[in-house]
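**Student:** Sharing final.txt (compact mmCIF, C-alpha atoms and all ligand atoms) below.
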# COMPACT_ATOMS: atom_id res chain seq x y z
CA MET A 13 200.93 -150.26 25.67
CA ALA A 14 198.43 -151.79 23.17
CA ASP A 15 199.72 -153.25 19.87
CA PRO A 16 199.39 -150.28 17.47
CA SER A 17 198.63 -152.51 14.45
CA ARG A 18 196.06 -154.90 15.96
CA PRO A 19 192.63 -155.03 14.27
CA LEU A 20 190.17 -152.73 16.01
CA ARG A 21 186.60 -153.21 17.17
CA ILE A 22 184.66 -150.27 15.84
CA GLY A 23 181.05 -149.25 16.50
CA ILE A 24 179.50 -147.07 13.79
CA ALA A 25 176.28 -145.13 14.38
CA CYS A 26 174.66 -143.62 11.30
CA TYR A 27 171.36 -142.89 9.59
CA PRO A 28 170.25 -145.89 7.54
CA LEU A 29 168.47 -144.04 4.71
CA ILE A 30 169.48 -142.91 1.23
CA GLY A 31 171.60 -139.91 2.18
CA GLY A 32 175.27 -139.16 1.87
CA SER A 33 176.23 -139.63 5.52
CA GLY A 34 174.69 -143.11 5.85
CA ILE A 35 176.10 -144.20 2.50
CA LEU A 36 179.56 -142.96 3.42
CA ALA A 37 179.40 -144.54 6.90
CA THR A 38 178.32 -147.85 5.36
CA ALA A 39 181.08 -147.81 2.74
CA LEU A 40 183.61 -146.93 5.42
CA GLY A 41 182.48 -149.73 7.76
CA GLN A 42 182.55 -152.27 4.95
CA ASP A 43 186.02 -151.22 3.90
CA LEU A 44 187.28 -151.32 7.50
CA ALA A 45 185.91 -154.87 7.79
CA ARG A 46 187.71 -155.84 4.57
CA ARG A 47 190.88 -154.51 6.19
CA GLY A 48 190.40 -156.92 9.10
CA HIS A 49 188.63 -154.77 11.68
CA GLU A 50 185.44 -155.91 13.42
CA VAL A 51 182.67 -153.43 12.65
CA HIS A 52 179.35 -153.01 14.48
CA PHE A 53 176.65 -150.82 12.96
CA PHE A 54 173.97 -149.18 15.13
CA SER A 55 170.81 -147.76 13.62
CA TYR A 56 167.01 -148.08 13.74
CA ALA A 57 167.06 -149.97 10.39
CA ARG A 58 169.65 -151.75 8.29
CA PRO A 59 171.63 -149.12 6.33
CA VAL A 60 170.52 -149.42 2.69
CA ARG A 61 173.84 -150.46 1.20
CA LEU A 62 175.01 -152.66 4.12
CA ASP A 63 175.97 -156.23 3.18
CA LEU A 64 175.22 -158.26 6.29
CA ALA A 65 176.77 -161.40 4.80
CA ALA A 66 180.24 -159.83 4.66
CA PRO A 67 182.76 -161.08 7.22
CA ARG A 68 183.30 -159.10 10.42
CA ILE A 69 180.17 -156.96 9.82
CA HIS A 70 177.50 -156.84 12.54
CA PHE A 71 174.28 -154.89 12.71
CA HIS A 72 172.50 -153.96 15.95
CA ALA A 73 168.98 -152.70 15.42
CA VAL A 74 167.87 -150.10 17.93
CA GLU A 75 164.28 -150.68 19.05
CA VAL A 76 162.29 -147.55 19.76
CA SER A 77 159.29 -148.00 22.06
CA GLU A 78 156.28 -145.74 21.95
CA TYR A 79 154.99 -144.88 25.42
CA ALA A 80 151.75 -143.00 25.91
CA LEU A 81 153.65 -140.88 28.41
CA PHE A 82 155.97 -139.59 25.67
CA ARG A 83 154.44 -137.20 23.19
CA TYR A 84 157.51 -137.75 20.96
CA PRO A 85 159.27 -141.15 20.84
CA ASP A 86 162.88 -141.01 22.02
CA TYR A 87 165.69 -142.62 19.99
CA THR A 88 168.81 -141.27 21.69
CA LEU A 89 168.46 -143.22 24.95
CA PRO A 90 167.80 -146.68 23.44
CA LEU A 91 170.67 -146.01 21.00
CA ALA A 92 173.00 -145.14 23.90
CA VAL A 93 171.94 -148.25 25.82
CA ARG A 94 172.50 -150.51 22.78
CA MET A 95 175.91 -148.93 22.10
CA ALA A 96 176.94 -149.42 25.73
CA GLU A 97 175.72 -153.06 25.76
CA VAL A 98 177.62 -154.00 22.61
CA ALA A 99 180.72 -152.07 23.69
CA ARG A 100 180.76 -154.02 26.95
CA GLU A 101 180.08 -157.43 25.30
CA ARG A 102 182.50 -156.99 22.38
CA GLY A 103 185.11 -154.72 23.97
CA LEU A 104 184.72 -151.97 21.35
CA ASP A 105 187.71 -149.65 20.96
CA VAL A 106 186.01 -146.83 19.11
CA PHE A 107 182.55 -145.35 18.58
CA HIS A 108 182.63 -143.64 15.19
CA VAL A 109 179.45 -141.59 14.98
CA HIS A 110 178.18 -139.85 11.86
CA TYR A 111 176.31 -136.71 12.93
CA ALA A 112 176.53 -135.13 16.35
CA VAL A 113 172.78 -135.29 16.88
CA PRO A 114 171.73 -137.79 18.02
CA HIS A 115 174.68 -140.14 17.43
CA ALA A 116 177.47 -138.31 19.28
CA THR A 117 175.14 -137.43 22.15
CA ALA A 118 174.23 -141.13 22.43
CA ALA A 119 177.93 -142.11 22.29
CA CYS A 120 178.74 -139.66 25.11
CA MET A 121 176.01 -141.14 27.25
CA ALA A 122 177.11 -144.71 26.46
CA ALA A 123 180.69 -143.79 27.40
CA GLU A 124 179.48 -142.28 30.68
CA MET A 125 177.53 -145.45 31.47
CA LEU A 126 180.61 -147.59 30.73
CA GLY A 127 183.07 -145.51 32.75
CA ALA A 128 186.81 -146.25 32.58
CA GLY A 129 187.87 -148.10 29.42
CA ALA A 130 184.89 -146.82 27.37
CA PRO A 131 185.47 -146.64 23.59
CA GLN A 132 187.06 -143.49 22.19
CA ILE A 133 184.52 -141.27 20.46
CA VAL A 134 185.22 -140.10 16.91
CA THR A 135 182.56 -137.76 15.52
CA THR A 136 182.25 -137.00 11.81
CA LEU A 137 180.20 -133.97 10.81
CA HIS A 138 178.53 -134.15 7.40
CA GLY A 139 176.96 -130.72 7.06
CA THR A 140 173.52 -130.29 8.56
CA ASP A 141 174.87 -130.52 12.14
CA THR A 142 176.64 -127.27 11.37
CA ASN A 143 174.57 -125.44 8.79
CA LEU A 144 171.09 -126.41 10.02
CA LEU A 145 171.01 -127.66 13.64
CA GLY A 146 174.08 -125.62 14.59
CA GLN A 147 172.11 -122.45 13.83
CA ASP A 148 169.24 -123.53 16.13
CA PRO A 149 169.67 -122.31 19.74
CA SER A 150 167.85 -125.39 21.06
CA TYR A 151 170.47 -127.69 19.49
CA ARG A 152 173.69 -125.70 19.27
CA PRO A 153 174.83 -126.11 22.92
CA ALA A 154 174.10 -129.86 22.79
CA ILE A 155 176.16 -130.26 19.62
CA GLU A 156 178.98 -128.17 21.06
CA HIS A 157 178.97 -130.35 24.19
CA ALA A 158 179.04 -133.58 22.13
CA LEU A 159 181.96 -132.24 20.08
CA ALA A 160 183.85 -131.27 23.25
CA GLN A 161 183.31 -134.78 24.65
CA SER A 162 184.53 -136.43 21.42
CA ASP A 163 188.13 -137.64 21.30
CA ALA A 164 188.41 -136.59 17.65
CA VAL A 165 186.21 -134.60 15.29
CA THR A 166 186.38 -134.90 11.52
CA VAL A 167 184.58 -132.97 8.77
CA VAL A 168 184.16 -133.92 5.13
CA SER A 169 185.53 -130.75 3.48
CA GLU A 170 187.56 -127.60 4.08
CA SER A 171 184.41 -125.59 3.54
CA LEU A 172 182.63 -127.49 6.33
CA ARG A 173 185.67 -127.09 8.58
CA ARG A 174 185.54 -123.30 8.19
CA GLU A 175 181.78 -123.23 8.77
CA THR A 176 182.05 -125.55 11.79
CA GLU A 177 184.79 -123.45 13.36
CA ALA A 178 182.70 -120.31 12.82
CA THR A 179 179.61 -121.95 14.33
CA PHE A 180 180.92 -123.78 17.41
CA ARG A 181 183.56 -123.16 20.06
CA LEU A 182 185.71 -126.23 19.45
CA THR A 183 188.06 -127.59 22.07
CA ARG A 184 190.20 -129.28 19.39
CA PRO A 185 190.69 -128.66 15.66
CA ALA A 186 188.39 -130.54 13.30
CA GLU A 187 190.33 -132.67 10.82
CA VAL A 188 189.26 -132.68 7.18
CA ILE A 189 188.81 -136.20 5.79
CA PRO A 190 186.98 -136.01 2.48
CA ASN A 191 184.39 -138.55 1.37
CA PHE A 192 185.32 -141.43 -0.89
CA PHE A 193 183.60 -143.72 -3.36
CA ASP A 194 184.43 -147.04 -4.94
CA PRO A 195 182.45 -147.46 -8.15
CA THR A 196 180.95 -150.82 -8.97
CA PRO A 197 181.11 -151.74 -12.66
CA PRO A 198 177.79 -151.21 -14.47
CA ALA A 199 175.84 -154.44 -15.02
CA ARG A 200 174.69 -153.38 -18.52
CA THR A 201 176.37 -151.76 -21.47
CA ARG A 202 175.78 -148.04 -21.95
CA GLU A 203 173.57 -148.80 -24.97
CA ALA A 204 171.46 -151.34 -23.04
CA ALA A 205 171.00 -148.92 -20.12
CA ARG A 206 169.99 -146.13 -22.52
CA ARG A 207 167.51 -148.44 -24.22
CA ALA A 208 166.03 -149.35 -20.81
CA LEU A 209 165.48 -145.63 -20.22
CA ALA A 210 164.01 -145.14 -23.72
CA VAL A 211 166.73 -142.61 -24.58
CA GLU A 212 166.71 -141.97 -28.32
CA PRO A 213 169.90 -142.03 -30.39
CA GLY A 214 171.60 -138.63 -30.33
CA GLU A 215 169.84 -137.45 -27.14
CA PHE A 216 172.02 -135.81 -24.49
CA LEU A 217 171.21 -137.47 -21.16
CA VAL A 218 171.61 -135.27 -18.08
CA ALA A 219 171.56 -137.15 -14.75
CA HIS A 220 170.63 -135.89 -11.29
CA LEU A 221 171.01 -138.15 -8.26
CA SER A 222 169.68 -137.06 -4.86
CA ASN A 223 167.21 -137.58 -2.03
CA LEU A 224 165.20 -134.57 -3.32
CA ARG A 225 165.36 -132.77 0.05
CA PRO A 226 164.40 -129.06 -0.09
CA GLY A 227 168.08 -128.00 -0.23
CA LYS A 228 168.57 -129.90 -3.49
CA ARG A 229 166.38 -127.21 -5.14
CA ILE A 230 164.60 -129.46 -7.62
CA ASP A 231 162.68 -126.38 -8.74
CA LEU A 232 165.97 -124.84 -9.98
CA LEU A 233 167.03 -128.18 -11.45
CA LEU A 234 163.90 -128.26 -13.63
CA ARG A 235 164.17 -124.57 -14.52
CA ALA A 236 167.82 -124.90 -15.55
CA PHE A 237 167.03 -127.96 -17.63
CA ALA A 238 164.02 -126.24 -19.24
CA ALA A 239 166.32 -123.39 -20.37
CA VAL A 240 168.50 -125.73 -22.47
CA PRO A 241 167.59 -124.99 -26.12
CA ALA A 242 165.35 -127.71 -27.63
CA GLU A 243 167.74 -128.29 -30.57
CA ARG A 244 170.25 -129.74 -28.09
CA ARG A 245 167.88 -132.71 -27.62
CA ALA A 246 168.53 -133.00 -23.90
CA ARG A 247 166.71 -135.44 -21.61
CA LEU A 248 166.77 -135.27 -17.81
CA LEU A 249 167.10 -138.43 -15.72
CA VAL A 250 166.29 -137.99 -12.02
CA LEU A 251 167.54 -140.84 -9.83
CA ALA A 252 165.41 -140.05 -6.84
CA GLY A 253 165.81 -141.25 -3.25
CA ALA A 254 162.29 -139.98 -2.43
CA PRO A 255 158.95 -139.61 -4.24
CA PHE A 256 159.11 -137.18 -7.17
CA ALA A 257 155.33 -136.47 -7.07
CA PRO A 258 155.67 -132.92 -5.56
CA TRP A 259 157.46 -131.74 -8.74
CA GLU A 260 155.20 -133.32 -11.36
CA SER A 261 153.14 -130.12 -11.73
CA LEU A 262 156.29 -128.05 -12.33
CA VAL A 263 157.34 -130.56 -15.02
CA ASP A 264 154.04 -129.79 -16.80
CA GLU A 265 154.22 -126.06 -16.15
CA LEU A 266 157.69 -125.89 -17.76
CA GLY A 267 156.57 -128.00 -20.73
CA LEU A 268 159.01 -130.78 -19.83
CA ARG A 269 156.61 -133.74 -19.96
CA GLY A 270 158.26 -136.46 -22.06
CA ARG A 271 161.75 -135.01 -21.49
CA VAL A 272 162.11 -136.00 -17.83
CA THR A 273 162.57 -139.63 -16.73
CA VAL A 274 162.40 -140.49 -13.04
CA ARG A 275 163.65 -143.65 -11.30
CA GLU A 276 162.71 -143.80 -7.63
CA ASN A 277 164.00 -147.08 -6.23
CA GLY A 278 167.69 -146.16 -5.90
CA ALA A 279 168.72 -149.24 -7.91
CA ASP A 280 171.03 -149.46 -10.93
CA VAL A 281 172.76 -146.13 -10.19
CA ALA A 282 175.97 -147.39 -11.83
CA ASP A 283 174.13 -148.36 -15.04
CA PHE A 284 172.28 -145.07 -15.23
CA LEU A 285 175.28 -142.83 -14.56
CA HIS A 286 177.15 -144.82 -17.18
CA ALA A 287 174.25 -144.19 -19.58
CA ALA A 288 174.31 -140.44 -18.92
CA ASP A 289 176.36 -137.75 -20.65
CA ALA A 290 176.61 -135.20 -17.79
CA GLY A 291 175.42 -134.54 -14.23
CA LEU A 292 173.35 -131.55 -13.07
CA TYR A 293 173.20 -130.45 -9.40
CA THR A 294 171.40 -127.40 -8.03
CA SER A 295 171.77 -127.63 -4.21
CA ASP A 296 171.80 -124.39 -2.26
CA ASN A 297 174.52 -125.91 -0.07
CA GLU A 298 176.54 -129.12 0.02
CA SER A 299 179.32 -129.74 2.50
CA PHE A 300 180.77 -132.14 -0.09
CA GLY A 301 178.31 -133.60 -2.62
CA LEU A 302 178.67 -137.38 -2.61
CA SER A 303 176.36 -137.76 -5.65
CA ILE A 304 178.60 -135.37 -7.56
CA LEU A 305 181.57 -137.55 -6.65
CA GLU A 306 179.70 -140.65 -7.89
CA THR A 307 178.93 -138.88 -11.18
CA LEU A 308 182.60 -137.97 -11.66
CA PHE A 309 183.66 -141.56 -10.91
CA TYR A 310 181.53 -142.67 -13.86
CA ALA A 311 183.41 -140.18 -16.06
CA ARG A 312 180.60 -137.68 -16.52
CA PRO A 313 181.26 -133.90 -16.32
CA VAL A 314 179.26 -132.02 -13.69
CA VAL A 315 177.35 -128.75 -13.96
CA ALA A 316 176.44 -127.26 -10.57
CA PHE A 317 176.26 -124.18 -8.39
CA ARG A 318 179.51 -123.05 -6.76
CA VAL A 319 178.42 -123.63 -3.13
CA GLY A 320 179.92 -125.21 0.02
CA GLY A 321 182.48 -127.95 -0.65
CA ILE A 322 181.50 -128.56 -4.30
CA PRO A 323 184.56 -126.67 -5.66
CA GLU A 324 186.74 -129.07 -3.65
CA VAL A 325 185.26 -132.00 -5.60
CA VAL A 326 184.76 -130.51 -9.08
CA ARG A 327 187.74 -128.81 -10.72
CA GLU A 328 186.18 -125.78 -12.35
CA GLY A 329 186.53 -125.72 -16.12
CA ALA A 330 188.46 -129.00 -16.09
CA THR A 331 185.99 -131.61 -14.77
CA GLY A 332 182.82 -129.50 -14.70
CA PHE A 333 181.28 -126.04 -14.86
CA LEU A 334 180.31 -124.19 -11.66
CA HIS A 335 178.15 -121.06 -11.51
CA PRO A 336 176.88 -118.67 -8.84
CA PHE A 337 173.92 -119.98 -6.87
CA GLY A 338 170.61 -119.26 -8.62
CA ASP A 339 172.03 -118.60 -12.09
CA THR A 340 170.01 -121.26 -13.90
CA ALA A 341 170.64 -119.59 -17.27
CA ALA A 342 174.39 -120.17 -16.82
CA LEU A 343 173.78 -123.84 -15.92
CA ALA A 344 171.69 -124.20 -19.07
CA ARG A 345 174.42 -122.60 -21.21
CA SER A 346 177.01 -125.05 -19.84
CA LEU A 347 174.73 -128.03 -20.50
CA ALA A 348 174.04 -126.77 -24.03
CA ARG A 349 177.77 -126.41 -24.65
CA LEU A 350 178.48 -129.97 -23.46
CA ALA A 351 175.61 -131.28 -25.60
CA ALA A 352 176.96 -129.43 -28.65
CA GLU A 353 180.54 -130.57 -28.08
CA PRO A 354 180.47 -134.30 -27.23
CA ASP A 355 184.27 -134.54 -27.46
CA LEU A 356 184.59 -131.84 -24.81
CA ALA A 357 182.02 -133.63 -22.57
CA ARG A 358 183.89 -136.91 -22.95
CA ALA A 359 187.30 -135.33 -22.30
CA MET A 360 186.07 -133.48 -19.19
CA GLY A 361 184.36 -136.63 -17.92
CA GLU A 362 187.49 -138.72 -18.41
CA ARG A 363 189.60 -136.05 -16.69
CA GLY A 364 187.07 -136.05 -13.83
CA ARG A 365 187.33 -139.81 -13.43
CA ARG A 366 191.12 -139.66 -13.31
CA ASP A 367 191.03 -136.76 -10.86
CA VAL A 368 188.65 -138.37 -8.36
CA THR A 369 190.41 -141.72 -8.70
CA ALA A 370 193.60 -139.99 -7.58
CA ARG A 371 191.98 -138.22 -4.61
CA PHE A 372 188.82 -139.91 -3.33
CA THR A 373 189.15 -143.71 -3.30
CA ALA A 374 188.77 -145.93 -0.23
CA ASP A 375 192.50 -146.75 -0.42
CA GLU A 376 193.27 -143.06 -0.15
CA ILE A 377 190.76 -142.10 2.54
CA VAL A 378 190.07 -145.10 4.84
CA PRO A 379 193.64 -145.24 6.24
CA ARG A 380 193.14 -141.64 7.35
CA TYR A 381 190.19 -142.71 9.51
CA GLU A 382 192.24 -145.65 10.84
CA ALA A 383 194.97 -143.16 11.80
CA VAL A 384 192.41 -141.02 13.65
CA TYR A 385 191.18 -144.09 15.61
CA ARG A 386 194.72 -145.15 16.50
CA ARG A 387 195.71 -141.63 17.56
CA ALA A 388 192.64 -141.37 19.79
CA LEU A 389 193.45 -144.75 21.33
CA ALA A 390 197.11 -143.86 21.81
CA THR A 391 196.08 -140.71 23.68
CA ALA A 392 193.77 -142.77 25.89
CA ASP A 393 196.57 -145.29 26.56
CA ALA A 394 199.12 -142.60 27.44
CA GLU A 395 199.91 -142.41 31.12
CA PRO A 396 198.64 -139.26 32.80
CA ASP A 397 201.31 -136.71 33.83
CA TRP A 398 200.95 -137.54 37.52
CA MET A 399 202.03 -141.17 36.92
CA VAL A 400 205.44 -140.41 35.40
O1 LIG A 501 172.38 -133.54 1.83
C1 LIG A 501 171.61 -134.42 2.15
O2 LIG A 501 170.46 -134.40 1.82
C2 LIG A 501 172.05 -135.60 2.95
C3 LIG A 501 173.19 -135.30 3.87
C4 LIG A 501 173.37 -136.46 4.84
O3 LIG A 501 173.51 -136.16 5.98
O4 LIG A 501 173.38 -137.60 4.48
O5 LIG A 501 174.38 -135.12 3.12
C5 LIG A 501 175.46 -134.51 3.76
O6 LIG A 501 176.49 -135.48 3.92
C6 LIG A 501 177.05 -135.97 2.69
C7 LIG A 501 178.13 -137.00 3.04
O7 LIG A 501 179.17 -136.42 3.72
C8 LIG A 501 177.61 -134.81 1.85
O8 LIG A 501 178.11 -135.32 0.63
C9 LIG A 501 176.51 -133.78 1.58
O9 LIG A 501 177.05 -132.70 0.88
C10 LIG A 501 175.93 -133.32 2.91
N1 LIG A 501 174.77 -132.45 2.68
C11 LIG A 501 174.80 -131.14 2.96
O10 LIG A 501 175.77 -130.56 3.38
C12 LIG A 501 173.53 -130.38 2.69
What does this structure look like when you write it as structure tokens?

**Tutor:**
Amino acid sequence: MADPSRPLRIGIACYPLIGGSGILATALGQDLARRGHEVHFFSYARPVRLDLAAPRIHFHAVEVSEYALFRYPDYTLPLAVRMAEVARERGLDVFHVHYAVPHATAACMAAEMLGAGAPQIVTTLHGTDTNLLGQDPSYRPAIEHALAQSDAVTVVSESLRRETEATFRLTRPAEVIPNFFDPTPPARTREAARRALAVEPGEFLVAHLSNLRPGKRIDLLLRAFAAVPAERRARLLVLAGAPFAPWESLVDELGLRGRVTVRENGADVADFLHAADAGLYTSDNESFGLSILETLFYARPVVAFRVGGIPEVVREGATGFLHPFGDTAALARSLARLAAEPDLARAMGERGRRDVTARFTADEIVPRYEAVYRRALATADAEPDWMV
């Protein structure tokens, strides 16, 4: 029987880009390494927030070759081969994959190549596996198969658990382990950050942080912001993980030129959220809403649509205001109220910070992943019935 408290060797496969799943996977791996585990990341590029100088952190780049024979380059097979190679060399205990496609499918293939003693597969679903690819008949059976082959499946919210169970035939229950965030202190004072953004004294700064994918509904974000009465002196700050150019014409159409500031390089998020007075989010669906969590950690109240897992993160009326999807007028009214009542905005923000600090820190969440790994390993170690 293996020592149940020994440090583990964990392989994490994730997307490397600015997006909640990669950011969460990176934060998780880094925290596991701080706790003494050896952590190996697999991706086609270094995950954006990964600190390669940190002890016990390793990164294995997956090379994708382009063959004339292939009309579309394939990533899953080279990923599986790399995962199998490292698992064999380093004796990995666990593959923790973020997203079923292609990461869990690659892990299944790596495990098949390794045979007996292969790492246990833990798959975490972040949303689009279920609500986008899971609805596509050319992906659904492959995802279902990868989930059936996984030794444990986790999801990031109750809402995603319900949706996942309604979408796939699961062979085991999916465990809810919410996302977490550990805020870094801002490098500048609030006043210095506001000056850097040219925010004028008395302006109410509304922040939005996202990768601007279609589901973030930037059109509704701009429309909601445009409906805030001018006397509230609101300014919108978009911290964009992708080019904002497609929305510039709507900024002009809505007469918002001069009231919208965009920062595209993903840097200084802590400073800018600290500089803001509230957060505004208009996604049509979010399994969780990691950016919303970040906003709450910097003590800013959140105004958003009541979709997916957002009500599990924002406490309605206490740490933010949630409204039915599409009701931009209601979002604008909530923003106007917060702008008119700065004491209310500050109190809600402070309550939000306390609330998320009690529920969504690394110290709270990471041990739950460790427990999943150890349970999966204990099951693998258990003697089969025919041996007793
Ligand atoms: O929503 C995105 O654009 C990115 C996506 C991802 O895969 O990175 O985010 C998903 O995972 C995040 C981390 O668990 C969640 O906070 C997001 O809510 C989720 N997005 C959706 O469900 C649409």

**Student:** What is the CA of Ala122 in chain A-CA of Ala92 in chain A distance in Å, reported with one decimal?

**Tutor:**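 Between these atoms lies a distance of 4.9 Å.
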
**Student:** Dump the neighbourhood of ligand LIG 501 (chain A) as a PyMOL selection string: all residues within 9 Å, distances computed on only C-alpha atoms and all ligand atoms.

**Tutor:** chain A and resi 27+29-37+110-111+136-144+167-169+172+190-191+222-228+295-305+320-322

**Student:** Find the spatial neighbours of range 207-211 of chain A, counting all atoms listed in the file, within a cut-off of 9 Å - ignore same-chain residues fewer than 6 positions away - and output them as a ChimeraX atom specification.

**Tutor:** /A:217,247,249,273,284,287

**Student:** The selected residues should be written to file as a PDB file, keeping the file's coordinate frame (atoms: C-alpha atoms).

**Tutor:**
ATOM      1  CA  LEU A 217     171.210-137.470 -21.160  1.00  0.00           C
ATOM      2  CA  ARG A 247     166.710-135.440 -21.610  1.00  0.00           C
ATOM      3  CA  LEU A 249     167.100-138.430 -15.720  1.00  0.00           C
ATOM      4  CA  THR A 273     162.570-139.630 -16.730  1.00  0.00           C
ATOM      5  CA  PHE A 284     172.280-145.070 -15.230  1.00  0.00           C
ATOM      6  CA  ALA A 287     174.250-144.190 -19.580  1.00  0.00           C
TER       7      ALA A 287
END

**Student:** One number please: CA of Val165 in chain A to CA of Ser55 in chain A, in Å, one decimal.

**Tutor:**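 That distance, rounded to one decimal, is 20.3 Å.
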
**Student:** Give me the residues near range 196-200 of chain A as a PDB file with C-alpha atoms, in the frame of the given file, where near means some atom within 12 Å (using all atoms listed in the file) and where sequence neighbours in that chain fewer than 2 positions away do not count.

**Tutor:**
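Contents of around.pdb, freshly written:
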ATOM      1  CA  PHE A 193     183.600-143.720  -3.360  1.00  0.00           C
ATOM      2  CA  ASP A 194     184.430-147.040  -4.940  1.00  0.00           C
ATOM      3  CA  ARG A 202     175.780-148.040 -21.950  1.00  0.00           C
ATOM      4  CA  GLU A 203     173.570-148.800 -24.970  1.00  0.00           C
ATOM      5  CA  ALA A 204     171.460-151.340 -23.040  1.00  0.00           C
ATOM      6  CA  ALA A 205     171.000-148.920 -20.120  1.00  0.00           C
ATOM      7  CA  ARG A 206     169.990-146.130 -22.520  1.00  0.00           C
ATOM      8  CA  ARG A 207     167.510-148.440 -24.220  1.00  0.00           C
ATOM      9  CA  ALA A 208     166.030-149.350 -20.810  1.00  0.00           C
ATOM     10  CA  ALA A 279     168.720-149.240  -7.910  1.00  0.00           C
ATOM     11  CA  ASP A 280     171.030-149.460 -10.930  1.00  0.00           C
ATOM     12  CA  VAL A 281     172.760-146.130 -10.190  1.00  0.00           C
ATOM     13  CA  ALA A 282     175.970-147.390 -11.830  1.00  0.00           C
ATOM     14  CA  ASP A 283     174.130-148.360 -15.040  1.00  0.00           C
ATOM     15  CA  PHE A 284     172.280-145.070 -15.230  1.00  0.00           C
ATOM     16  CA  LEU A 285     175.280-142.830 -14.560  1.00  0.00           C
ATOM     17  CA  HIS A 286     177.150-144.820 -17.180  1.00  0.00           C
ATOM     18  CA  ALA A 287     174.250-144.190 -19.580  1.00  0.00           C
ATOM     19  CA  GLU A 306     179.700-140.650  -7.890  1.00  0.00           C
ATOM     20  CA  PHE A 309     183.660-141.560 -10.910  1.00  0.00           C
ATOM     21  CA  TYR A 310     181.530-142.670 -13.860  1.00  0.00           C
TER      22      TYR A 310
END

**Student:** Please, what distance in Å, to one decimal, runs between CA of Gly361 in chain A and CA of Arg327 in chain A?

**Tutor:**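 Calculated distance between CA of Gly361 in chain A and CA of Arg327 in chain A is 11.2 Å.
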
**Student:** Between A:Pro114, A:Glu97, A:Ala154, A:Pro213, which residue has the minimum interatomic distance to Leu126 in chain A, considering all atoms listed in the file?

**Tutor:**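 Looking at the shortest contact to Leu126 in chain A, the residue is A:Glu97.
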
**Student:** Determine the nearest neighbour of Tyr385 in chain A from the options A:His220, A:His108, A:Arg102, A:Arg358, counting all atoms listed in the file.

**Tutor:**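 With all atoms listed in the file as the atom set, the closest residue is A:His108.
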
**Student:** Please provide the set of residues having any atom within 6 Å of Phe192 in chain A, restricted to all atoms listed in the file, with same-chain residues fewer than 4 positions apart removed, written as a PDB file with C-alpha atoms, in the coordinates of the input.

**Tutor:**
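Output file result_26.pdb is given in full below:
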ATOM      1  CA  PHE A 372     188.820-139.910  -3.330  1.00  0.00           C
ATOM      2  CA  THR A 373     189.150-143.710  -3.300  1.00  0.00           C
ATOM      3  CA  ALA A 374     188.770-145.930  -0.230  1.00  0.00           C
TER       4      ALA A 374
END

**Student:** Determine, counting only C-alpha atoms, which protein, DNA and RNA residues have an atom within 10 Å of an atom of His70 in chain A; residues of the same chain fewer than 2 positions away are not included. Present the result as a PDB file with C-alpha atoms, in the coordinates of the input.

**Tutor:**
ATOM      1  CA  GLY A  23     181.050-149.250  16.500  1.00  0.00           C
ATOM      2  CA  GLY A  41     182.480-149.730   7.760  1.00  0.00           C
ATOM      3  CA  ALA A  45     185.910-154.870   7.790  1.00  0.00           C
ATOM      4  CA  GLU A  50     185.440-155.910  13.420  1.00  0.00           C
ATOM      5  CA  VAL A  51     182.670-153.430  12.650  1.00  0.00           C
ATOM      6  CA  HIS A  52     179.350-153.010  14.480  1.00  0.00           C
ATOM      7  CA  PHE A  53     176.650-150.820  12.960  1.00  0.00           C
ATOM      8  CA  PHE A  54     173.970-149.180  15.130  1.00  0.00           C
ATOM      9  CA  LEU A  62     175.010-152.660   4.120  1.00  0.00           C
ATOM     10  CA  ASP A  63     175.970-156.230   3.180  1.00  0.00           C
ATOM     11  CA  LEU A  64     175.220-158.260   6.290  1.00  0.00           C
ATOM     12  CA  ALA A  65     176.770-161.400   4.800  1.00  0.00           C
ATOM     13  CA  ALA A  66     180.240-159.830   4.660  1.00  0.00           C
ATOM     14  CA  PRO A  67     182.760-161.080   7.220  1.00  0.00           C
ATOM     15  CA  ARG A  68     183.300-159.100  10.420  1.00  0.00           C
ATOM     16  CA  HIS A  72     172.500-153.960  15.950  1.00  0.00           C
ATOM     17  CA  ALA A  73     168.980-152.700  15.420  1.00  0.00           C
TER      18      ALA A  73
END

**Student:** Near Gly332 in chain A, within 7 Å and counting only C-alpha atoms, which residues show up once chain neighbours fewer than 2 positions away are dropped, as a PyMOL selection string?

**Tutor:** chain A and resi 313-315+326-330+334+360

**Student:** With C-alpha atoms retained, write the just-selected residues as a tab-separated table (two decimals), in the frame of the given file.

**Tutor:**
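The file below, again10.tsv, is the result:
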chain	number	residue	atom	x	y	z
A	313	PRO	CA	181.26	-133.90	-16.32
A	314	VAL	CA	179.26	-132.02	-13.69
A	315	VAL	CA	177.35	-128.75	-13.96
A	326	VAL	CA	184.76	-130.51	-9.08
A	327	ARG	CA	187.74	-128.81	-10.72
A	328	GLU	CA	186.18	-125.78	-12.35
A	329	GLY	CA	186.53	-125.72	-16.12
A	330	ALA	CA	188.46	-129.00	-16.09
A	334	LEU	CA	180.31	-124.19	-11.66
A	360	MET	CA	186.07	-133.48	-19.19

**Student:** Could you check which of A:Asp375, A:Asp163, A:Asp393, A:Asp86 is closest to Arg46 in chain A, using only C-alpha atoms?

**Tutor:**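 Going through A:Asp375, A:Asp163, A:Asp393, A:Asp86 one by one, the smallest distance to Arg46 in chain A is for A:Asp375.
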
**Student:** Within 7 Å of (177.7, -135.3, 24.8) in the file's own coordinates, which protein, DNA or RNA residues have an atom, counting all atoms listed in the file? List them as a list of chain:residue names.

**Tutor:** A:Ala116, A:Thr117, A:Cys120, A:Met121, A:Ala154, A:His157, A:Ala158, A:Gln161
